[in-house]
Every structure is written in C-alpha cells, then in structure tokens.
$ cat upload_11.cif   # mmCIF, C-alpha atoms and all ligand atoms; chains and numbers go by the auth columns
data_entry
loop_
_atom_site.group_PDB
_atom_site.id
_atom_site.type_symbol
_atom_site.label_atom_id
_atom_site.label_comp_id
_atom_site.label_asym_id
_atom_site.label_seq_id
_atom_site.Cartn_x
_atom_site.Cartn_y
_atom_site.Cartn_z
_atom_site.B_iso_or_equiv
_atom_site.auth_seq_id
_atom_site.auth_asym_id
ATOM 1 C CA MET A 1 -2.364 -16.993 -3.877 0.00 1 A
ATOM 2 C CA SER A 2 -4.264 -17.977 -0.753 0.00 2 A
ATOM 3 C CA LEU A 3 -4.457 -16.184 2.574 0.00 3 A
ATOM 4 C CA ALA A 4 -2.662 -19.042 4.371 0.00 4 A
ATOM 5 C CA LYS A 5 0.541 -17.019 4.679 0.00 5 A
ATOM 6 C CA TYR A 6 -1.353 -14.020 6.068 0.00 6 A
ATOM 7 C CA ASN A 7 -3.111 -16.214 8.660 0.00 7 A
ATOM 8 C CA SER A 8 0.030 -18.140 9.640 0.00 8 A
ATOM 9 C CA LYS A 9 1.879 -14.951 10.565 0.00 9 A
ATOM 10 C CA ARG A 10 -0.785 -13.756 12.992 0.00 10 A
ATOM 11 C CA ASN A 11 -2.281 -14.795 16.323 0.00 11 A
ATOM 12 C CA PHE A 12 -5.863 -13.525 16.094 0.00 12 A
ATOM 13 C CA GLY A 13 -6.358 -13.958 19.818 0.00 13 A
ATOM 14 C CA ASP A 14 -3.758 -11.250 20.357 0.00 14 A
ATOM 15 C CA THR A 15 -3.947 -8.847 17.392 0.00 15 A
ATOM 16 C CA PRO A 16 -7.044 -6.813 16.502 0.00 16 A
ATOM 17 C CA GLU A 17 -6.390 -7.422 12.776 0.00 17 A
ATOM 18 C CA PRO A 18 -9.084 -9.388 10.882 0.00 18 A
ATOM 19 C CA SER A 19 -8.536 -13.075 10.143 0.00 19 A
ATOM 20 C CA GLY A 20 -8.158 -13.927 6.483 0.00 20 A
ATOM 21 C CA LYS A 21 -11.160 -15.058 4.495 0.00 21 A
ATOM 22 C CA LYS A 22 -11.678 -14.517 0.790 0.00 22 A
ATOM 23 C CA GLY A 23 -14.146 -11.720 0.100 0.00 23 A
ATOM 24 C CA ALA A 24 -16.820 -11.480 -2.551 0.00 24 A
ATOM 25 C CA ALA A 25 -15.857 -9.163 -5.385 0.00 25 A
ATOM 26 C CA GLY A 26 -17.807 -5.909 -5.540 0.00 26 A
ATOM 27 C CA ALA A 27 -18.816 -4.122 -8.726 0.00 27 A
ATOM 28 C CA LYS A 28 -15.700 -1.988 -8.559 0.00 28 A
ATOM 29 C CA LEU A 29 -12.171 -2.919 -7.575 0.00 29 A
ATOM 30 C CA THR A 30 -10.995 -1.139 -4.471 0.00 30 A
ATOM 31 C CA PHE A 31 -7.617 -0.078 -3.166 0.00 31 A
ATOM 32 C CA VAL A 32 -6.253 1.043 0.167 0.00 32 A
ATOM 33 C CA VAL A 33 -2.965 2.567 1.281 0.00 33 A
ATOM 34 C CA GLN A 34 -2.252 2.100 4.970 0.00 34 A
ATOM 35 C CA ARG A 35 0.420 3.995 6.843 0.00 35 A
ATOM 36 C CA HIS A 36 2.073 1.420 9.064 0.00 36 A
ATOM 37 C CA HIS A 37 4.607 2.400 11.682 0.00 37 A
ATOM 38 C CA ALA A 38 5.993 -1.032 12.626 0.00 38 A
ATOM 39 C CA SER A 39 9.717 -1.550 13.316 0.00 39 A
ATOM 40 C CA HIS A 40 10.085 0.920 10.427 0.00 40 A
ATOM 41 C CA LEU A 41 7.603 3.391 9.028 0.00 41 A
ATOM 42 C CA HIS A 42 6.220 2.304 5.646 0.00 42 A
ATOM 43 C CA TYR A 43 3.106 2.489 3.546 0.00 43 A
ATOM 44 C CA ASP A 44 1.189 -0.646 2.594 0.00 44 A
ATOM 45 C CA PHE A 45 -0.213 -0.361 -0.904 0.00 45 A
ATOM 46 C CA ARG A 46 -3.053 -2.822 -1.532 0.00 46 A
ATOM 47 C CA LEU A 47 -5.059 -3.530 -4.686 0.00 47 A
ATOM 48 C CA GLU A 48 -8.152 -5.743 -4.623 0.00 48 A
ATOM 49 C CA LEU A 49 -7.869 -8.579 -7.102 0.00 49 A
ATOM 50 C CA ASN A 50 -9.522 -12.017 -7.215 0.00 50 A
ATOM 51 C CA GLY A 51 -11.046 -11.719 -3.740 0.00 51 A
ATOM 52 C CA THR A 52 -7.916 -10.639 -1.860 0.00 52 A
ATOM 53 C CA LEU A 53 -5.743 -7.559 -1.495 0.00 53 A
ATOM 54 C CA LYS A 54 -2.481 -7.853 -3.431 0.00 54 A
ATOM 55 C CA SER A 55 -0.030 -6.031 -1.176 0.00 55 A
ATOM 56 C CA TRP A 56 3.251 -4.153 -1.420 0.00 56 A
ATOM 57 C CA ALA A 57 5.189 -2.414 1.353 0.00 57 A
ATOM 58 C CA VAL A 58 6.407 0.974 0.087 0.00 58 A
ATOM 59 C CA PRO A 59 9.038 2.386 2.481 0.00 59 A
ATOM 60 C CA LYS A 60 8.783 5.986 1.216 0.00 60 A
ATOM 61 C CA GLY A 61 5.077 5.903 0.405 0.00 61 A
ATOM 62 C CA PRO A 62 3.455 6.623 -2.960 0.00 62 A
ATOM 63 C CA SER A 63 4.240 9.760 -4.959 0.00 63 A
ATOM 64 C CA LEU A 64 2.394 11.849 -7.547 0.00 64 A
ATOM 65 C CA ASN A 65 5.733 12.947 -9.030 0.00 65 A
ATOM 66 C CA PRO A 66 6.526 10.856 -12.155 0.00 66 A
ATOM 67 C CA LYS A 67 10.266 11.224 -11.488 0.00 67 A
ATOM 68 C CA ASP A 68 9.964 9.219 -8.260 0.00 68 A
ATOM 69 C CA LYS A 69 10.522 5.486 -8.468 0.00 69 A
ATOM 70 C CA ARG A 70 9.246 4.166 -5.187 0.00 70 A
ATOM 71 C CA LEU A 71 10.524 0.793 -4.089 0.00 71 A
ATOM 72 C CA ALA A 72 7.581 -1.549 -3.432 0.00 72 A
ATOM 73 C CA MET A 73 8.254 -4.920 -1.800 0.00 73 A
ATOM 74 C CA MET A 74 5.520 -7.456 -2.475 0.00 74 A
ATOM 75 C CA VAL A 75 4.197 -9.032 0.724 0.00 75 A
ATOM 76 C CA GLU A 76 1.565 -11.650 1.444 0.00 76 A
ATOM 77 C CA ASP A 77 -2.014 -11.189 0.208 0.00 77 A
ATOM 78 C CA HIS A 78 -4.309 -9.620 2.783 0.00 78 A
ATOM 79 C CA PRO A 79 -8.066 -10.197 3.204 0.00 79 A
ATOM 80 C CA ILE A 80 -10.429 -7.593 1.728 0.00 80 A
ATOM 81 C CA SER A 81 -11.641 -6.862 5.264 0.00 81 A
ATOM 82 C CA TYR A 82 -8.139 -5.559 6.078 0.00 82 A
ATOM 83 C CA ALA A 83 -8.868 -2.442 3.987 0.00 83 A
ATOM 84 C CA THR A 84 -10.688 -0.749 6.861 0.00 84 A
ATOM 85 C CA PHE A 85 -8.283 -1.867 9.592 0.00 85 A
ATOM 86 C CA GLU A 86 -6.796 0.882 11.739 0.00 86 A
ATOM 87 C CA GLY A 87 -5.301 0.660 15.165 0.00 87 A
ATOM 88 C CA ASP A 88 -2.504 -0.777 17.237 0.00 88 A
ATOM 89 C CA ILE A 89 -0.931 -4.182 16.694 0.00 89 A
ATOM 90 C CA PRO A 90 0.388 -5.180 20.127 0.00 90 A
ATOM 91 C CA GLU A 91 4.075 -5.788 20.863 0.00 91 A
ATOM 92 C CA GLY A 92 5.195 -9.332 20.128 0.00 92 A
ATOM 93 C CA ASN A 93 2.856 -9.676 17.131 0.00 93 A
ATOM 94 C CA TYR A 94 3.809 -9.633 13.471 0.00 94 A
ATOM 95 C CA GLY A 95 3.952 -6.002 12.300 0.00 95 A
ATOM 96 C CA ALA A 96 3.571 -4.651 15.842 0.00 96 A
ATOM 97 C CA GLY A 97 2.942 -0.912 15.749 0.00 97 A
ATOM 98 C CA HIS A 98 0.275 1.440 14.466 0.00 98 A
ATOM 99 C CA VAL A 99 -1.835 1.314 11.295 0.00 99 A
ATOM 100 C CA ASP A 100 -3.946 4.105 9.788 0.00 100 A
ATOM 101 C CA VAL A 101 -5.717 4.285 6.438 0.00 101 A
ATOM 102 C CA TRP A 102 -3.846 6.898 4.413 0.00 102 A
ATOM 103 C CA ASP A 103 -5.964 6.695 1.269 0.00 103 A
ATOM 104 C CA HIS A 104 -8.652 4.457 -0.191 0.00 104 A
ATOM 105 C CA GLY A 105 -10.953 4.349 -3.176 0.00 105 A
ATOM 106 C CA THR A 106 -11.488 2.413 -6.371 0.00 106 A
ATOM 107 C CA TYR A 107 -9.217 1.648 -9.288 0.00 107 A
ATOM 108 C CA GLU A 108 -9.465 0.417 -12.858 0.00 108 A
ATOM 109 C CA PRO A 109 -6.888 -1.890 -14.426 0.00 109 A
ATOM 110 C CA ILE A 110 -5.719 -0.457 -17.763 0.00 110 A
ATOM 111 C CA ASP A 111 -3.524 -1.490 -20.677 0.00 111 A
ATOM 112 C CA GLU A 112 -0.623 0.314 -22.397 0.00 112 A
ATOM 113 C CA ASP A 113 -3.092 2.576 -24.223 0.00 113 A
ATOM 114 C CA GLY A 114 -4.994 3.461 -21.067 0.00 114 A
ATOM 115 C CA GLU A 115 -8.008 1.309 -22.002 0.00 115 A
ATOM 116 C CA ILE A 116 -9.772 -0.488 -19.160 0.00 116 A
ATOM 117 C CA ILE A 117 -9.010 -4.228 -19.017 0.00 117 A
ATOM 118 C CA THR A 118 -10.656 -7.142 -17.181 0.00 118 A
ATOM 119 C CA PRO A 119 -9.475 -8.494 -13.817 0.00 119 A
ATOM 120 C CA ALA A 120 -8.363 -11.640 -15.695 0.00 120 A
ATOM 121 C CA ALA A 121 -6.154 -9.572 -18.016 0.00 121 A
ATOM 122 C CA PHE A 122 -4.871 -7.645 -14.985 0.00 122 A
ATOM 123 C CA THR A 123 -3.982 -10.928 -13.285 0.00 123 A
ATOM 124 C CA LYS A 124 -1.857 -11.764 -16.339 0.00 124 A
ATOM 125 C CA ALA A 125 -0.221 -8.339 -16.035 0.00 125 A
ATOM 126 C CA LEU A 126 0.541 -9.146 -12.394 0.00 126 A
ATOM 127 C CA HIS A 127 2.248 -12.402 -13.384 0.00 127 A
ATOM 128 C CA ALA A 128 4.123 -10.601 -16.170 0.00 128 A
ATOM 129 C CA GLY A 129 5.312 -8.048 -13.579 0.00 129 A
ATOM 130 C CA ASN A 130 3.896 -5.003 -15.349 0.00 130 A
ATOM 131 C CA MET A 131 0.643 -3.599 -13.985 0.00 131 A
ATOM 132 C CA LYS A 132 -1.012 -0.349 -14.992 0.00 132 A
ATOM 133 C CA PHE A 133 -4.048 1.088 -13.268 0.00 133 A
ATOM 134 C CA ARG A 134 -6.116 4.246 -12.811 0.00 134 A
ATOM 135 C CA MET A 135 -6.693 5.312 -9.219 0.00 135 A
ATOM 136 C CA LYS A 136 -9.649 7.196 -7.839 0.00 136 A
ATOM 137 C CA GLY A 137 -8.678 8.041 -4.301 0.00 137 A
ATOM 138 C CA LYS A 138 -8.490 11.164 -2.191 0.00 138 A
ATOM 139 C CA HIS A 139 -4.714 11.548 -2.557 0.00 139 A
ATOM 140 C CA LEU A 140 -3.914 9.111 -5.325 0.00 140 A
ATOM 141 C CA LYS A 141 -5.516 9.959 -8.636 0.00 141 A
ATOM 142 C CA GLY A 142 -4.777 9.092 -12.229 0.00 142 A
ATOM 143 C CA ASP A 143 -2.576 6.489 -13.829 0.00 143 A
ATOM 144 C CA PHE A 144 0.110 4.506 -12.016 0.00 144 A
ATOM 145 C CA ALA A 145 2.218 1.442 -12.695 0.00 145 A
ATOM 146 C CA LEU A 146 3.740 -1.307 -10.615 0.00 146 A
ATOM 147 C CA VAL A 147 6.714 -2.845 -12.369 0.00 147 A
ATOM 148 C CA ASN A 148 8.629 -5.899 -11.217 0.00 148 A
ATOM 149 C CA MET A 149 12.382 -5.334 -11.165 0.00 149 A
ATOM 150 C CA LYS A 150 13.071 -8.878 -12.435 0.00 150 A
ATOM 151 C CA LYS A 151 15.654 -9.197 -9.693 0.00 151 A
ATOM 152 C CA ASP A 152 13.252 -11.445 -7.803 0.00 152 A
ATOM 153 C CA GLU A 153 9.488 -11.832 -7.463 0.00 153 A
ATOM 154 C CA LYS A 154 9.242 -9.407 -4.566 0.00 154 A
ATOM 155 C CA THR A 155 11.033 -6.284 -5.724 0.00 155 A
ATOM 156 C CA TRP A 156 8.835 -3.835 -7.609 0.00 156 A
ATOM 157 C CA LEU A 157 8.708 -0.113 -8.364 0.00 157 A
ATOM 158 C CA LEU A 158 5.610 2.061 -7.956 0.00 158 A
ATOM 159 C CA LEU A 159 5.489 4.788 -10.597 0.00 159 A
ATOM 160 C CA LYS A 160 3.171 7.682 -11.418 0.00 160 A
ATOM 161 C CA HIS A 161 2.420 8.331 -15.063 0.00 161 A
ATOM 162 C CA ARG A 162 2.391 11.836 -16.428 0.00 162 A
ATOM 163 C CA ASP A 163 -1.214 13.073 -16.517 0.00 163 A
ATOM 164 C CA LYS A 164 -3.248 15.970 -15.152 0.00 164 A
ATOM 165 C CA TYR A 165 -2.864 14.636 -11.591 0.00 165 A
ATOM 166 C CA ALA A 166 0.928 14.380 -11.750 0.00 166 A
ATOM 167 C CA THR A 167 3.118 16.973 -10.064 0.00 167 A
ATOM 168 C CA ASP A 168 6.707 18.080 -10.567 0.00 168 A
ATOM 169 C CA GLU A 169 6.860 19.309 -6.983 0.00 169 A
ATOM 170 C CA GLU A 170 8.542 17.222 -4.324 0.00 170 A
ATOM 171 C CA TYR A 171 5.952 14.773 -2.983 0.00 171 A
ATOM 172 C CA THR A 172 6.053 13.488 0.585 0.00 172 A
ATOM 173 C CA SER A 173 3.307 11.088 1.727 0.00 173 A
ATOM 174 C CA GLU A 174 3.858 12.191 5.327 0.00 174 A
ATOM 175 C CA ASP A 175 2.485 15.644 4.402 0.00 175 A
ATOM 176 C CA TYR A 176 -0.915 13.988 3.924 0.00 176 A
ATOM 177 C CA ALA A 177 -0.830 11.649 6.922 0.00 177 A
ATOM 178 C CA LYS A 178 -3.579 11.811 9.535 0.00 178 A
ATOM 179 C CA LYS A 179 -2.910 13.718 12.745 0.00 179 A
ATOM 180 C CA SER A 180 -3.295 10.471 14.718 0.00 180 A
ATOM 181 C CA SER A 181 -0.542 8.852 12.607 0.00 181 A
ATOM 182 C CA LEU A 182 1.864 11.724 13.134 0.00 182 A
ATOM 183 C CA LYS A 183 1.066 11.831 16.837 0.00 183 A
ATOM 184 C CA TYR A 184 1.905 8.120 17.186 0.00 184 A
ATOM 185 C CA THR A 185 5.208 8.569 15.353 0.00 185 A
ATOM 186 C CA ALA A 186 6.105 11.659 17.373 0.00 186 A
ATOM 187 C CA GLU A 187 5.508 9.671 20.596 0.00 187 A
ATOM 188 C CA ARG A 188 7.686 6.803 19.329 0.00 188 A
ATOM 189 C CA ASN A 189 10.471 9.196 18.344 0.00 189 A
ATOM 190 C CA LYS A 190 10.273 10.855 21.749 0.00 190 A
ATOM 191 C CA ASP A 191 10.767 7.454 23.397 0.00 191 A
ATOM 192 C CA LYS A 192 13.796 6.843 21.175 0.00 192 A
ATOM 193 C CA VAL A 193 15.432 10.120 22.220 0.00 193 A
ATOM 194 C CA VAL A 194 14.836 9.268 25.888 0.00 194 A
ATOM 195 C CA LYS A 195 16.327 5.778 25.488 0.00 195 A
ATOM 196 C CA LYS A 196 19.477 7.144 23.845 0.00 196 A
ATOM 197 C CA LYS A 197 20.292 9.319 26.877 0.00 197 A
HETATM 198 MN MN MN B . 2.997 -3.215 6.864 0.00 1 B
#

$ encode --input "upload_11.cif" --output "structure tokens" --more "lines below"
Ligand code: MN
Amino acid sequence: MSLAKYNSKRNFGDTPEPSGKKGAAGAKLTFVVQRHHASHLHYDFRLELNGTLKSWAVPKGPSLNPKDKRLAMMVEDHPISYATFEGDIPEGNYGAGHVDVWDHGTYEPIDEDGEIITPAAFTKALHAGNMKFRMKGKHLKGDFALVNMKKDEKTWLLLKHRDKYATDEEYTSEDYAKKSSLKYTAERNKDKVVKKK
C-alpha cells in the first residue's frame, strides 16, 4: 500500500504532522503506539513493514491481559517518520486533537511456533489476516497477535499471548499514559462539562 491515502487526508501547510515518504528499512523493525485524543480517544498501533507503518486504531488501547480482545480498526499506512510525532493537530484538520507517543520499540515477526520469520513471510501473514509478533517496548513486551475478523478488511482484534509478560490483572492503557496526555484530556473534559451547562 502506498502513502497516497495518508497524504490525501492531510494539509501539510496546516498540520505539524510529517508528509508521507517511504523510509529506508533499518536493521530492526520498529513499532510505535500513539495515544491520540481526536474526536474520540484512541490508541494508534503501528508496526513498521516494507518502509511504512501499518496502522490500526485501537479504541481501548493495547492490553497485557490475554483475556482482552481489543478491537483494532485498520487505517491508512503512515510514514516511518510519523513514529516520533507528538503534538497538536489543529482544528479543521484530519484527526484534529492531541498525539503523544505511548510506547515504542522494536518487534520481531514470528510464526505459530514462536520462531522469527522474515518481513516477506510477515507480509503474507498480514494478507492472510493473522499476524504474530514479539514486542520489545517499555509497556508492551512479549508475544501478541493481530487477527482479522473476516467481517471486512478493516476489523481486527489485538490479542496478548500467554507468556511471562502477560497479566491476569485488569489492564488499562490510560494508567501508563504520559502526564501531558492526561492533562490534555482533563482540559477537554472540563470544556465539555462547561458546554453542557
Ligand atoms: Mn488516530
């Protein structure tokens, strides 16, 4: 997939987000999870693959609890340079609101047996709608899966596999959000309360 869709949705004269160009692949595949308070709060889960960031919007955010099946809606590919983007997207722009990096690191694509596979094999897994990968982030560690629901191309589930990083405790991504993220959301909610009066 190209970055044409990403570029067509944005006016780079007005949003501080980076324009979309394909990036050179590094030695290791990277991932980023961005907390994005747009019209609704969600987490954008992005995996580097073939020079772009494959992207899913996860309304509830990722979880380390294997019982959680987190809805993940596939969205347009983002440029690799988006992985470090944080800040405010002005009103009137696509995704207007506030973006912070919630977690980032590297990942390894794996097969059913947990063996590392090539990006080419992982691309096939993407097209088959069944991706497994090992994450090395600050919050997200261990094995995860993204599974297409077969309802349509866009509807996926993000799942944590049972391993030493998994938890049976309730997991809330907001508990690990940056202070700046929570401050932004608190301000927005304050405005909402005022408007209702
Ligand atoms: Mn988003």

$ resolve_selection --input "upload_11.cif" --expression "the PyMOL selection byres (((not hetatm)) within 7 of (chain B and resi 1))" --output "ChimeraX atom specification"
/A:36,38,42-44,57,95

$ closest_residue --input "upload_11.cif" --among "A:Thr118, A:Asn65, A:Ser81, A:Thr172" --to "Lys28 of chain A" --atoms "all atoms listed in the file"
A:Thr118

$ closest_atom_pairs --input "upload_11.cif" --of "segment 80-183 of chain A" --to "segment 47-52 of chain A" --cutoff "10 Å" --atoms "all atoms listed in the file" --output "Markdown table"
| residue | atom | partner | partner_atom | distance |
| --- | --- | --- | --- | --- |
| A:Ile80 | CA | A:Thr52 | CA | 5.3 |
| A:Ser81 | CA | A:Thr52 | CA | 8.9 |
| A:Tyr82 | CA | A:Thr52 | CA | 9.4 |
| A:Ala83 | CA | A:Glu48 | CA | 9.2 |
| A:His104 | CA | A:Leu47 | CA | 9.8 |
| A:Gly105 | CA | A:Leu47 | CA | 10.0 |
| A:Thr106 | CA | A:Leu47 | CA | 8.9 |
| A:Tyr107 | CA | A:Leu47 | CA | 8.1 |
| A:Pro109 | CA | A:Leu49 | CA | 10.0 |
| A:Pro119 | CA | A:Leu49 | CA | 6.9 |
| A:Ala120 | CA | A:Asn50 | CA | 8.6 |
| A:Phe122 | CA | A:Leu49 | CA | 8.5 |
| A:Thr123 | CA | A:Leu49 | CA | 7.7 |
| A:Leu126 | CA | A:Leu49 | CA | 10.0 |
| A:Phe133 | CA | A:Leu47 | CA | 9.8 |

$ closest_residue --input "upload_11.cif" --among "A:Glu76, A:Asp100, A:Glu86, A:Glu91" --to "Thr185 of chain A" --atoms "all atoms listed in the file"
A:Asp100

$ closest_residue --input "upload_11.cif" --among "A:Val99, A:Ala166, A:Ile110, A:Met135" --to "Pro16 of chain A" --atoms "all atoms listed in the file"
A:Val99

$ atom_distance --input "upload_11.cif" --atom1 "atom CA of His37 of chain A" --atom2 "atom CA of Asp191 of chain A"
14.2 Å

$ closest_residue --input "upload_11.cif" --among "A:Ser55, A:Leu64, A:Pro79, A:Val33" --to "Asn7 of chain A" --atoms "only C-alpha atoms"
A:Pro79

$ atom_distance --input "upload_11.cif" --atom1 "atom CA of Phe144 of chain A" --atom2 "atom CA of Phe85 of chain A"
24.0 Å

$ closest_residue --input "upload_11.cif" --among "A:Lys9, A:Ala186, A:Phe45, A:Asp113" --to "Met74 of chain A" --atoms "only C-alpha atoms"
A:Phe45

$ resolve_selection --input "upload_11.cif" --expression "the PyMOL selection byres (((chain A and resi 167) around 12) and not hetatm)" --output "list in words"
Ser63, Leu64, Asn65, Pro66, Lys67, Asp68, Leu140, Lys141, Gly142, Lys160, His161, Arg162, Asp163, Lys164, Tyr165, Ala166, Asp168, Glu169, Glu170, Tyr171 and Thr172 of chain A
